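Text of coords-v7.txt (compact mmCIF, C-alpha atoms (C1' of nucleotides)) as supplied:
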# COMPACT_ATOMS: atom_id res chain seq x y z
CA MET A 253 -0.49 -12.16 -3.82
CA GLU A 254 0.42 -12.20 -0.13
CA ARG A 255 0.23 -8.44 -0.24
CA LYS A 256 -1.54 -8.56 3.01
CA THR A 257 -1.06 -11.51 5.30
CA PHE A 258 -3.69 -12.49 7.81
CA ASP A 259 -1.68 -15.14 9.59
CA THR A 260 -1.68 -13.33 12.89
CA ALA A 261 -5.24 -12.06 12.69
CA PRO A 262 -7.45 -13.00 15.63
CA CYS A 263 -9.83 -14.78 13.30
CA SER A 264 -9.98 -18.37 12.18
CA ILE A 265 -11.47 -17.31 8.89
CA ALA A 266 -8.81 -14.74 8.12
CA ARG A 267 -5.95 -17.07 8.95
CA SER A 268 -7.37 -19.81 6.83
CA LEU A 269 -7.85 -17.39 3.98
CA ASP A 270 -4.13 -16.80 3.87
CA VAL A 271 -3.92 -20.15 2.13
CA LEU A 272 -7.46 -20.89 0.99
CA GLY A 273 -8.49 -17.38 -0.02
CA ASP A 274 -7.09 -17.88 -3.44
CA TRP A 275 -8.28 -19.30 -6.73
CA TRP A 276 -5.61 -21.90 -7.24
CA ASN A 277 -4.96 -23.45 -3.86
CA PRO A 278 -8.50 -24.75 -3.39
CA LEU A 279 -8.54 -26.09 -6.92
CA ILE A 280 -5.26 -27.90 -6.37
CA ILE A 281 -6.74 -29.47 -3.26
CA ARG A 282 -9.82 -30.38 -5.26
CA GLU A 283 -7.68 -32.15 -7.83
CA CYS A 284 -6.04 -34.17 -5.08
CA LEU A 285 -9.48 -35.20 -3.96
CA TYR A 286 -10.29 -36.25 -7.50
CA GLY A 287 -7.18 -38.39 -7.62
CA VAL A 288 -4.70 -36.10 -9.37
CA HIS A 289 -1.27 -35.88 -7.79
CA ARG A 290 1.44 -34.92 -10.28
CA PHE A 291 2.76 -31.60 -11.49
CA ASP A 292 1.93 -31.96 -15.14
CA GLU A 293 -1.52 -33.29 -14.39
CA PHE A 294 -2.33 -30.37 -12.16
CA GLN A 295 -1.02 -28.10 -14.86
CA LYS A 296 -3.09 -29.77 -17.54
CA TRP A 297 -6.42 -29.95 -15.71
CA LEU A 298 -6.23 -26.56 -14.11
CA ASP A 299 -4.61 -24.78 -17.03
CA ILE A 300 -2.47 -22.92 -14.55
CA GLY A 301 0.88 -21.34 -15.37
CA ARG A 302 3.76 -23.64 -14.47
CA ASN A 303 5.49 -20.95 -12.45
CA ILE A 304 2.33 -20.24 -10.48
CA LEU A 305 1.76 -23.94 -9.93
CA THR A 306 5.29 -24.32 -8.60
CA ARG A 307 4.73 -21.52 -6.12
CA ARG A 308 1.37 -22.82 -5.01
CA LEU A 309 2.55 -26.36 -4.47
CA LYS A 310 5.44 -25.03 -2.43
CA GLN A 311 3.10 -22.93 -0.36
CA LEU A 312 0.69 -25.79 0.23
CA VAL A 313 3.54 -28.04 1.28
CA ASP A 314 4.98 -25.33 3.54
CA GLU A 315 1.61 -24.80 5.13
CA GLY A 316 1.22 -28.49 5.72
CA LEU A 317 -1.77 -29.18 3.48
CA LEU A 318 0.20 -31.25 1.00
CA GLU A 319 3.13 -33.59 1.32
CA LYS A 320 5.58 -34.61 -1.34
CA ARG A 321 5.92 -38.32 -1.88
CA PRO A 322 8.76 -39.61 -4.03
CA TYR A 323 7.58 -42.14 -6.56
CA GLN A 324 10.77 -42.46 -8.58
CA ASP A 325 14.49 -41.89 -8.00
CA ASN A 326 16.11 -41.13 -11.34
CA PRO A 327 15.31 -38.36 -11.82
CA PRO A 328 13.72 -37.67 -8.44
CA ARG A 329 10.00 -37.21 -8.94
CA PHE A 330 7.28 -36.47 -6.47
CA GLU A 331 3.58 -36.77 -6.07
CA TYR A 332 1.59 -34.35 -3.99
CA HIS A 333 -0.80 -35.85 -1.49
CA LEU A 334 -3.15 -34.36 1.05
CA THR A 335 -2.09 -34.40 4.67
CA ASP A 336 -4.55 -34.56 7.56
CA LYS A 337 -4.74 -30.80 7.49
CA GLY A 338 -5.21 -30.90 3.75
CA TYR A 339 -8.08 -33.34 4.06
CA ASP A 340 -9.72 -31.05 6.59
CA ALA A 341 -9.35 -28.21 4.12
CA ALA A 342 -10.92 -30.46 1.52
CA GLY A 343 -13.87 -30.73 3.89
CA VAL A 344 -14.32 -26.99 3.68
CA LEU A 345 -14.32 -27.36 -0.08
CA LEU A 346 -17.17 -29.82 0.23
CA ALA A 347 -19.17 -27.14 2.00
CA LEU A 348 -18.24 -24.77 -0.78
CA MET A 349 -19.31 -27.38 -3.29
CA ALA A 350 -22.70 -27.73 -1.65
CA TYR A 351 -23.10 -23.97 -1.79
CA GLY A 352 -22.03 -23.86 -5.42
CA GLU A 353 -24.44 -26.61 -6.38
CA LYS A 354 -27.31 -24.82 -4.77
CA TRP A 355 -26.62 -21.47 -6.39
CA HIS A 356 -24.92 -22.24 -9.66
CA PHE A 357 -26.49 -25.49 -10.86
CA GLU A 358 -29.96 -26.91 -11.15
CA ASN A 359 -30.91 -29.44 -8.56
CA GLY A 360 -29.82 -32.93 -9.57
CA ASN A 361 -27.62 -31.56 -12.32
CA GLU A 362 -24.43 -31.17 -10.36
CA PRO A 363 -21.05 -31.69 -12.05
CA ILE A 364 -19.42 -33.72 -9.30
CA ARG A 365 -20.66 -36.37 -6.95
CA ILE A 366 -19.07 -37.63 -3.80
CA PHE A 367 -19.16 -41.18 -2.54
CA ASP A 368 -18.15 -43.08 0.54
CA ARG A 369 -15.12 -45.25 0.04
CA THR A 370 -16.37 -48.22 2.02
CA SER A 371 -20.10 -48.22 1.36
CA GLY A 372 -20.01 -46.66 -2.08
CA ALA A 373 -23.04 -44.62 -1.01
CA ARG A 374 -23.54 -41.09 -2.18
CA VAL A 375 -22.44 -38.49 0.34
CA MET A 376 -24.25 -35.16 0.65
CA PRO A 377 -22.24 -32.71 2.68
CA ALA A 378 -24.28 -30.46 4.93
CA LEU A 379 -23.46 -28.07 7.70
CA VAL A 380 -25.06 -28.75 11.08
CA ASP A 381 -24.69 -27.73 14.66
CA ALA A 382 -22.65 -30.49 16.26
CA ARG A 383 -24.82 -30.37 19.37
CA SER A 384 -28.35 -30.27 18.10
CA MET A 385 -27.40 -31.92 14.82
CA ARG A 386 -29.74 -29.52 13.11
CA ALA A 387 -28.93 -27.76 9.88
CA ILE A 388 -27.26 -24.42 10.32
CA ASP A 389 -28.95 -21.33 8.99
CA ALA A 390 -26.65 -18.35 9.22
CA ARG A 391 -29.69 -16.07 9.48
CA GLN A 392 -30.36 -17.58 12.86
CA LEU A 393 -26.94 -16.80 14.27
CA TYR A 394 -25.02 -14.02 15.86
CA ALA A 395 -21.35 -13.78 16.68
CA GLY A 396 -19.46 -12.79 19.77
CA PRO A 397 -15.83 -12.57 20.80
CA GLY A 398 -14.16 -15.71 22.12
CA PRO A 399 -11.22 -16.04 24.53
CA ALA A 400 -8.65 -15.31 21.83
CA PHE A 401 -10.30 -12.09 20.70
CA PRO A 402 -8.48 -8.84 21.62
CA ALA A 403 -9.82 -7.33 24.82
CA ASP A 404 -10.49 -3.78 23.62
CA LYS A 405 -14.02 -3.15 24.77
CA SER A 406 -15.00 -0.40 22.38
CA VAL A 407 -13.82 -2.49 19.48
CA ARG A 408 -15.85 -5.45 20.63
CA ARG A 409 -18.97 -3.43 21.20
CA SER A 410 -19.09 -1.61 17.94
CA ARG A 411 -18.59 -4.82 16.10
CA PHE A 412 -20.51 -7.50 17.93
CA VAL A 413 -23.53 -5.31 18.36
CA GLU A 414 -26.08 -8.03 18.87
CA TYR A 415 -23.91 -9.98 21.26
CA PHE A 416 -23.52 -7.05 23.61
CA ALA A 417 -27.10 -5.97 23.27
CA ARG A 418 -28.06 -9.35 24.65
CA GLN A 419 -25.77 -9.13 27.62
CA GLY A 420 -27.29 -6.01 29.05
CA ASP A 421 -23.99 -4.36 29.79
CA GLY A 422 -21.28 -6.69 28.69
CA LYS A 423 -21.07 -8.44 32.03
CA ARG A 424 -21.77 -11.94 30.92
CA PRO A 425 -23.81 -13.67 28.27
CA ALA A 426 -27.46 -13.55 29.21
CA LYS A 427 -29.08 -16.68 27.87
CA THR A 428 -25.83 -17.99 26.51
CA THR A 429 -24.87 -21.52 27.39
CA GLU A 430 -21.17 -22.15 27.89
CA MET B 10 -8.02 -10.13 -9.99
CA GLU B 11 -10.52 -11.81 -12.27
CA ARG B 12 -7.61 -12.65 -14.49
CA LYS B 13 -9.10 -16.01 -14.97
CA THR B 14 -12.80 -16.46 -14.49
CA PHE B 15 -14.25 -19.79 -13.50
CA ASP B 16 -17.88 -18.88 -13.88
CA THR B 17 -18.51 -21.36 -16.63
CA ALA B 18 -16.40 -24.14 -15.20
CA PRO B 19 -18.22 -27.42 -14.70
CA CYS B 20 -17.43 -27.32 -11.01
CA SER B 21 -19.36 -25.93 -8.09
CA ILE B 22 -16.15 -25.17 -6.28
CA ALA B 23 -14.58 -23.27 -9.13
CA ARG B 24 -17.66 -21.18 -9.80
CA SER B 25 -17.99 -20.28 -6.16
CA LEU B 26 -14.34 -19.35 -6.02
CA ASP B 27 -14.97 -16.65 -8.58
CA VAL B 28 -16.46 -14.67 -5.74
CA LEU B 29 -15.26 -16.40 -2.58
CA GLY B 30 -11.74 -17.29 -3.71
CA ASP B 31 -10.47 -13.96 -2.56
CA TRP B 32 -9.20 -12.42 0.63
CA TRP B 33 -11.62 -9.56 0.93
CA ASN B 34 -15.00 -10.90 -0.11
CA PRO B 35 -15.17 -13.55 2.60
CA LEU B 36 -14.04 -11.04 5.19
CA ILE B 37 -16.71 -8.58 4.11
CA ILE B 38 -19.28 -11.31 4.50
CA ARG B 39 -17.83 -12.13 7.89
CA GLU B 40 -18.25 -8.52 8.98
CA CYS B 41 -21.90 -8.62 7.94
CA LEU B 42 -22.29 -11.66 10.12
CA TYR B 43 -20.70 -9.78 12.99
CA GLY B 44 -23.14 -6.94 12.54
CA VAL B 45 -21.14 -4.49 10.45
CA HIS B 46 -22.97 -2.98 7.48
CA ARG B 47 -21.58 0.41 6.47
CA PHE B 48 -18.81 1.44 4.16
CA ASP B 49 -16.63 3.23 6.66
CA GLU B 50 -17.02 0.46 9.20
CA PHE B 51 -15.95 -2.19 6.73
CA GLN B 52 -13.05 0.02 5.82
CA LYS B 53 -12.04 0.55 9.42
CA TRP B 54 -12.27 -3.05 10.64
CA LEU B 55 -10.77 -4.64 7.58
CA ASP B 56 -8.19 -1.98 6.91
CA ILE B 57 -8.95 -2.35 3.23
CA GLY B 58 -8.31 0.35 0.64
CA ARG B 59 -11.45 2.37 -0.05
CA ASN B 60 -11.18 1.82 -3.77
CA ILE B 61 -10.87 -1.92 -3.32
CA LEU B 62 -13.77 -1.95 -0.90
CA THR B 63 -15.91 -0.08 -3.42
CA ARG B 64 -15.16 -2.68 -6.06
CA ARG B 65 -15.75 -5.61 -3.76
CA LEU B 66 -19.07 -4.33 -2.48
CA LYS B 67 -20.16 -3.78 -6.04
CA GLN B 68 -19.14 -7.29 -6.98
CA LEU B 69 -20.88 -8.83 -4.00
CA VAL B 70 -24.05 -6.89 -4.79
CA ASP B 71 -23.82 -7.85 -8.47
CA GLU B 72 -23.36 -11.48 -7.55
CA GLY B 73 -26.33 -11.35 -5.27
CA LEU B 74 -24.61 -11.98 -1.95
CA LEU B 75 -25.25 -8.50 -0.62
CA GLU B 76 -28.06 -6.03 -1.04
CA LYS B 77 -27.95 -2.28 -0.58
CA ARG B 78 -30.47 -0.87 1.83
CA PRO B 79 -30.97 2.88 1.95
CA TYR B 80 -31.02 4.19 5.48
CA GLN B 81 -30.96 7.91 4.74
CA ASP B 82 -31.93 10.17 1.83
CA ASN B 83 -29.84 13.34 2.03
CA PRO B 84 -27.26 12.44 1.02
CA PRO B 85 -28.27 8.94 -0.11
CA ARG B 86 -26.56 6.41 2.13
CA PHE B 87 -26.69 2.65 2.09
CA GLU B 88 -26.11 -0.30 4.30
CA TYR B 89 -24.98 -3.61 2.94
CA HIS B 90 -26.87 -6.65 4.12
CA LEU B 91 -26.56 -10.34 3.35
CA THR B 92 -29.09 -11.86 0.99
CA ASP B 93 -30.20 -15.49 1.17
CA LYS B 94 -27.32 -16.40 -1.08
CA GLY B 95 -25.00 -14.35 1.08
CA TYR B 96 -26.16 -16.13 4.21
CA ASP B 97 -25.48 -19.44 2.53
CA ALA B 98 -21.99 -18.21 1.69
CA ALA B 99 -21.64 -17.24 5.32
CA GLY B 100 -22.38 -20.87 6.13
CA VAL B 101 -19.35 -21.88 4.11
CA LEU B 102 -17.36 -19.41 6.17
CA LEU B 103 -18.52 -21.19 9.31
CA ALA B 104 -17.00 -24.38 7.94
CA LEU B 105 -13.85 -22.44 7.23
CA MET B 106 -13.95 -21.07 10.74
CA ALA B 107 -14.19 -24.55 12.22
CA TYR B 108 -11.20 -25.59 10.14
CA GLY B 109 -9.25 -22.51 11.19
CA GLU B 110 -9.99 -23.08 14.84
CA LYS B 111 -8.77 -26.62 14.65
CA TRP B 112 -5.52 -25.81 12.90
CA HIS B 113 -4.65 -22.29 13.96
CA PHE B 114 -5.87 -21.99 17.54
CA GLU B 115 -5.70 -24.06 20.68
CA ASN B 116 -8.85 -25.86 21.60
CA GLY B 117 -11.16 -23.64 23.65
CA ASN B 118 -9.15 -20.56 22.78
CA GLU B 119 -10.98 -19.54 19.66
CA PRO B 120 -11.35 -15.84 18.78
CA ILE B 121 -15.00 -15.94 17.77
CA ARG B 122 -18.01 -17.78 19.03
CA ILE B 123 -21.32 -18.31 17.36
CA PHE B 124 -24.69 -18.41 19.07
CA ASP B 125 -28.25 -19.19 18.17
CA ARG B 126 -30.47 -16.15 17.96
CA THR B 127 -33.46 -17.70 19.65
CA SER B 128 -31.96 -20.03 22.22
CA GLY B 129 -28.76 -18.12 22.83
CA ALA B 130 -26.98 -21.48 22.87
CA ARG B 131 -23.52 -21.89 21.47
CA VAL B 132 -23.43 -23.25 17.94
CA MET B 133 -20.61 -25.53 16.77
CA PRO B 134 -20.61 -25.86 12.99
CA ALA B 135 -19.70 -29.30 11.71
CA LEU B 136 -19.82 -30.98 8.35
CA VAL B 137 -21.90 -34.15 8.12
CA ASP B 138 -23.39 -36.37 5.52
CA ALA B 139 -27.03 -35.28 5.28
CA ARG B 140 -28.15 -38.88 5.01
CA SER B 141 -26.27 -40.74 7.68
CA MET B 142 -25.81 -37.57 9.73
CA ARG B 143 -22.30 -38.75 10.45
CA ALA B 144 -19.27 -36.49 10.41
CA ILE B 145 -17.58 -36.26 7.05
CA ASP B 146 -13.98 -37.33 6.76
CA ALA B 147 -12.60 -36.40 3.38
CA ARG B 148 -10.16 -39.31 3.63
CA GLN B 149 -13.13 -41.62 3.35
CA LEU B 150 -14.42 -40.17 0.11
CA TYR B 151 -13.89 -40.36 -3.58
CA ALA B 152 -15.29 -38.22 -6.34
CA GLY B 153 -16.99 -39.00 -9.60
CA PRO B 154 -18.52 -37.01 -12.42
CA GLY B 155 -22.14 -35.93 -12.06
CA PRO B 156 -24.71 -35.19 -14.77
CA ALA B 157 -23.31 -31.73 -15.48
CA PHE B 158 -19.75 -32.94 -16.00
CA PRO B 159 -18.43 -32.89 -19.60
CA ALA B 160 -18.84 -36.23 -21.29
CA ASP B 161 -15.30 -36.75 -22.58
CA LYS B 162 -14.47 -40.24 -21.40
CA SER B 163 -10.71 -40.04 -21.41
CA VAL B 164 -10.85 -36.88 -19.38
CA ARG B 165 -13.14 -38.46 -16.84
CA ARG B 166 -11.06 -41.56 -16.52
CA SER B 167 -7.69 -40.00 -16.03
CA ARG B 168 -9.11 -37.75 -13.38
CA PHE B 169 -11.63 -39.75 -11.43
CA VAL B 170 -9.38 -42.74 -11.19
CA GLU B 171 -10.95 -44.36 -8.18
CA TYR B 172 -14.47 -43.83 -9.40
CA PHE B 173 -13.82 -45.67 -12.63
CA ALA B 174 -11.75 -48.36 -10.99
CA ARG B 175 -14.80 -49.18 -8.91
CA GLN B 176 -17.11 -49.43 -11.86
CA GLY B 177 -15.21 -52.15 -13.60
CA ASP B 178 -15.42 -50.52 -16.98
CA GLY B 179 -17.28 -47.32 -16.61
CA LYS B 180 -20.67 -48.92 -17.18
CA ARG B 181 -22.34 -47.98 -13.97
CA PRO B 182 -21.40 -47.45 -10.35
CA ALA B 183 -20.74 -50.77 -8.70
CA LYS B 184 -21.82 -50.43 -5.13
CA THR B 185 -22.94 -46.89 -5.60
CA THR B 186 -26.39 -45.95 -4.42
CA GLU B 187 -28.25 -43.41 -6.51
C1' DC C 103 -18.90 29.56 8.39
C1' DC C 104 -16.17 25.81 9.55
C1' DA C 105 -15.28 21.20 11.09
C1' DG C 106 -17.03 16.53 10.88
C1' DT C 107 -19.29 12.41 8.75
C1' DT C 108 -19.98 9.21 5.13
C1' DA C 109 -19.15 7.28 0.78
C1' DG C 110 -16.93 7.24 -2.53
C1' DT C 111 -13.19 8.36 -6.97
C1' DT C 112 -8.59 9.31 -8.78
C1' DT C 113 -3.77 8.71 -9.19
C1' DC C 114 0.26 6.20 -8.92
C1' DA C 115 4.10 2.85 -7.55
C1' DT C 116 4.57 -1.88 -6.75
C1' DG C 117 3.86 -6.65 -6.96
C1' DA C 118 1.35 -10.84 -8.52
C1' DT C 119 -0.13 -13.09 -12.60
C1' DG C 120 -0.14 -15.66 -17.01
C1' DG C 121 2.33 -16.93 -21.15
C1' DA C 122 6.09 -18.60 -23.52
C1' DA C 123 10.44 -20.27 -23.86
C1' DC C 124 14.17 -22.59 -21.69
C1' DT C 125 16.69 -26.19 -18.61
C1' DA C 126 17.60 -30.72 -16.88
C1' DA C 127 17.66 -35.58 -16.17
C1' DT C 128 16.32 -39.71 -17.86
C1' DA C 129 13.70 -43.35 -20.73
C1' DA C 130 12.09 -45.01 -25.03
C1' DT C 131 12.55 -45.29 -29.88
C1' DA C 132 14.82 -45.59 -34.58
C1' DT D 217 24.16 -43.14 -31.52
C1' DA D 218 20.88 -39.64 -32.38
C1' DT D 219 16.21 -38.30 -31.59
C1' DT D 220 12.12 -37.67 -29.36
C1' DA D 221 9.21 -37.97 -25.28
C1' DT D 222 8.29 -37.45 -20.32
C1' DT D 223 8.28 -34.97 -16.13
C1' DA D 224 9.14 -31.11 -13.29
C1' DG D 225 10.59 -27.30 -12.99
C1' DT D 226 12.88 -22.09 -13.77
C1' DT D 227 13.45 -17.62 -16.10
C1' DC D 228 11.82 -13.61 -18.40
C1' DC D 229 8.55 -10.25 -19.43
C1' DA D 230 4.24 -7.49 -20.30
C1' DT D 231 0.07 -6.57 -18.03
C1' DC D 232 -3.25 -6.23 -14.55
C1' DA D 233 -4.77 -5.87 -9.70
C1' DT D 234 -3.53 -4.03 -5.41
C1' DG D 235 -2.80 -0.69 -1.58
C1' DA D 236 -1.83 4.00 -0.07
C1' DA D 237 -2.89 8.54 -0.05
C1' DA D 238 -5.08 12.45 -1.58
C1' DC D 239 -9.15 14.39 -3.44
C1' DT D 240 -14.38 15.10 -4.32
C1' DA D 241 -19.03 15.50 -2.92
C1' DA D 242 -23.15 16.00 -0.26
C1' DC D 243 -24.81 16.91 3.65
C1' DT D 244 -25.05 17.80 9.27
C1' DG D 245 -24.41 20.15 13.47
C1' DG D 246 -22.65 23.90 16.21

Would you write out, as structure tokens, the structure that this file holds?
Amino acid sequence: MERKTFDTAPCSIARSLDVLGDWWNPLIIRECLYGVHRFDEFQKWLDIGRNILTRRLKQLVDEGLLEKRPYQDNPPRFEYHLTDKGYDAAGVLLALMAYGEKWHFENGNEPIRIFDRTSGARVMPALVDARSMRAIDARQLYAGPGPAFPADKSVRRSRFVEYFARQGDGKRPAKTTE
Amino acid sequence: MERKTFDTAPCSIARSLDVLGDWWNPLIIRECLYGVHRFDEFQKWLDIGRNILTRRLKQLVDEGLLEKRPYQDNPPRFEYHLTDKGYDAAGVLLALMAYGEKWHFENGNEPIRIFDRTSGARVMPALVDARSMRAIDARQLYAGPGPAFPADKSVRRSRFVEYFARQGDGKRPAKTTE
DNA sequence: CCAGTTAGTTTCATGATGGAACTAATAATA
DNA sequence: TATTATTAGTTCCATCATGAAACTAACTGG
């Protein structure tokens, strides 16, 4: 599986995919969100091989998305719970869920619903721009290199075509704020 | 790869993972977002085997995330562009990017930045509840079955523990709106 | 005529996967 | 006491997907 590792790639997406670019890991996180926390339950609901499950749980714990919580001493038994990082990853899954509902289910016929723990109100995850608070439409966007992107100019140019087109000659972002 | 297919699973996440739960497909979509559209460019930037790339492009076209656009006749050559569905998937990647920036890069040292095509302003993707427009914290949520979830009661109960706990006896959501 | 470009396909060794059976430690049951 | 159940793994193995490299194919440009 980790044939190729992206954990040093200069890309937030690629690095995250090292753990989340997989069929099982996101589903394990989903189960945690549903309220499932034990080995055999994961195994049962996901119908995943026990060996694979073992490996995945280990990986998720190593990567800091899950933590093991003992719930019994003899024999020692553990539950797997989401960490802060794991909950953030679960947020990504909510975005994925919204996408999946839109494209794989009829409107109003979704398989899962999400609610707020305190108000009990339905929650509808949506992606917005944190500044304008307006819904994000990827068609309306273009990408450019940030501070952590490798400096090689020719690489940047041939890849972030629109970004450099807008800057005249790569001096500085034209109409770009910040 | 498609050892196990989730395309009939009663879960928006699982179905989406059939295509997006992979290392390469999301990265190919990312490249499209960057402005990369041709076979050899994908191959070069991603350092992906040509055979694998062939398969993945085919899959993404089949699944309706990419479309082939001829740009030359002799010999026939194509560019791969995002469809509406593909752009929505790209939105999910933006959520993933935000997650990756938070957990894999220092603040302000991100590798990629996103801008609005018309205003040129920086865009910061964030997940909110479409109703309250407040940031979503997965810790604050619980899940319950929706209309498209299988009816088996014992299954529902042992999985959506909190949901059923809140309903008293599974009659109807207690404080749940809608 | 020969090198270069672009988009693949083919072949093959290797590694990840899924399935089934097995271990282990303990509790509950007869 | 013997037996079965529960829970969480581990081990073994056949098969499938992957990645690397070489090859094909259709054209272009000098």

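Among the candidate residues C:DC114, C:DC103, C:DT128, C:DT108, the one lying nearest to Arg47 of chain B is C:DT108, with distances computed using all atoms listed in the file.
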
message: Using all atoms listed in the file and a cut-off of 7 Å, which residues of chain D sit close to chain B? Please list them as a PyMOL selection string.
response: chain D and resi 233+235+242-243

Okay, now the selection with C-alpha atoms (C1' of nucleotides), as an mmCIF file, keeping the file's coordinate frame?
data_model
loop_
_atom_site.group_PDB
_atom_site.id
_atom_site.type_symbol
_atom_site.label_atom_id
_atom_site.label_comp_id
_atom_site.auth_asym_id
_atom_site.auth_seq_id
_atom_site.Cartn_x
_atom_site.Cartn_y
_atom_site.Cartn_z
ATOM 1 C "C1'" DA D 233 -4.770 -5.870 -9.700
ATOM 2 C "C1'" DG D 235 -2.800 -0.690 -1.580
ATOM 3 C "C1'" DA D 242 -23.150 16.000 -0.260
ATOM 4 C "C1'" DC D 243 -24.810 16.910 3.650
#

- line: In terms of only C-alpha atoms (C1' of nucleotides), the residue from B:Val45, B:Leu29, B:Leu62, B:Cys20 at minimal distance from chain C is B:Leu62

Residues of chain C that approach chain A to 10 Å or less, counting only C-alpha atoms (C1' of nucleotides): could you list each one with the shortest pair of atoms and its distance in Å to one decimal, rows by chain and increasing residue number, as a tab-separated table?
residue	atom	partner	partner_atom	distance
C:DG117	C1'	A:Met253	CA	7.7
C:DA118	C1'	A:Met253	CA	5.2
C:DT119	C1'	A:Ile304	CA	7.9
C:DG120	C1'	A:Gly301	CA	6.0
C:DG121	C1'	A:Gly301	CA	7.4
C:DA126	C1'	A:Pro327	CA	9.4
C:DA127	C1'	A:Pro327	CA	5.7
C:DT128	C1'	A:Pro327	CA	6.3
C:DA129	C1'	A:Asn326	CA	9.9

statement: Computed gap from atom CA of Arg321 of chain A to atom C1' of DT223 of chain D is 14.8 Å

field: Residues of chain B within 6 Å of chain A, counting all atoms listed in the file, as JSON, numbers by chain
entry: {"B": [19, 20, 21, 22, 25, 30, 31, 32, 43, 96, 100, 101, 104, 105, 106, 109, 110, 118, 119, 120, 121, 122, 123, 124, 125, 126, 129, 130, 132, 133, 134, 135, 136, 137, 138, 139, 147, 149, 150, 151, 152, 153, 154, 155, 156, 157, 158, 169, 184, 185, 186]}

- prompt: Which residues, written as a PyMOL selection string, have at least one atom at most 9 Å from segment 236-239 of chain D, with only C-alpha atoms (C1' of nucleotides) counted and residues fewer than 5 positions away on the same chain left out?
  reply: (chain B and resi 58) or (chain C and resi 111-113)

Selection from above, C-alpha atoms (C1' of nucleotides), as an mmCIF file, in the frame of the given file, can you write it?
data_model
loop_
_atom_site.group_PDB
_atom_site.id
_atom_site.type_symbol
_atom_site.label_atom_id
_atom_site.label_comp_id
_atom_site.auth_asym_id
_atom_site.auth_seq_id
_atom_site.Cartn_x
_atom_site.Cartn_y
_atom_site.Cartn_z
ATOM 1 C CA GLY B 58 -8.310 0.350 0.640
ATOM 2 C "C1'" DT C 111 -13.190 8.360 -6.970
ATOM 3 C "C1'" DT C 112 -8.590 9.310 -8.780
ATOM 4 C "C1'" DT C 113 -3.770 8.710 -9.190
#

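In this model, the gap between atom CA of Asp299 of chain A and atom C1' of DT234 of chain D comes to 23.8 Å.
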
For DC124 of chain C, list every protein, DNA or RNA residue within 12 Å, evaluated using all atoms listed in the file, and leave out those in the same chain fewer than 6 positions away; present the list as a tab-separated table (two decimals) with C-alpha atoms (C1' of nucleotides), in the frame of the given file.
chain	number	residue	atom	x	y	z
D	225	DG	C1'	10.59	-27.30	-12.99
D	226	DT	C1'	12.88	-22.09	-13.77
D	227	DT	C1'	13.45	-17.62	-16.10
D	228	DC	C1'	11.82	-13.61	-18.40

- request: State, in Å with one decimal place, the distance from atom CA of Arg86 of chain B to atom C1' of DA109 of chain C.
  value: 7.6 Å

Please give the centre and size of the box around segment 117-132 of chain C (axis-aligned, containing every atom listed in the file, 8 Å added per side), with values in Å to one decimal and written as AutoDock Vina command-line options.
--center_x 8.8 --center_y -26.1 --center_z -20.8 --size_x 33.8 --size_y 54.9 --size_z 43.6

Just add N, CA and C atoms to segment 61-70 of chain B and send it as a compact mmCIF listing (two decimals), in the coordinates of the input.
# COMPACT_ATOMS: atom_id res chain seq x y z
N ILE B 61 -10.66 -0.47 -3.26
CA ILE B 61 -10.87 -1.92 -3.32
C ILE B 61 -12.21 -2.28 -2.69
N LEU B 62 -12.50 -1.67 -1.57
CA LEU B 62 -13.77 -1.95 -0.90
C LEU B 62 -14.94 -1.62 -1.82
N THR B 63 -14.86 -0.47 -2.47
CA THR B 63 -15.91 -0.08 -3.42
C THR B 63 -16.14 -1.19 -4.45
N ARG B 64 -15.05 -1.66 -5.03
CA ARG B 64 -15.16 -2.68 -6.06
C ARG B 64 -15.76 -3.97 -5.52
N ARG B 65 -15.29 -4.35 -4.33
CA ARG B 65 -15.75 -5.61 -3.76
C ARG B 65 -17.22 -5.57 -3.38
N LEU B 66 -17.65 -4.45 -2.83
CA LEU B 66 -19.07 -4.33 -2.48
C LEU B 66 -19.91 -4.40 -3.74
N LYS B 67 -19.44 -3.74 -4.77
CA LYS B 67 -20.16 -3.78 -6.04
C LYS B 67 -20.27 -5.21 -6.55
N GLN B 68 -19.15 -5.90 -6.50
CA GLN B 68 -19.14 -7.29 -6.98
C GLN B 68 -20.10 -8.17 -6.17
N LEU B 69 -20.04 -8.00 -4.86
CA LEU B 69 -20.88 -8.83 -4.00
C LEU B 69 -22.37 -8.51 -4.21
N VAL B 70 -22.66 -7.25 -4.48
CA VAL B 70 -24.05 -6.89 -4.79
C VAL B 70 -24.44 -7.47 -6.15
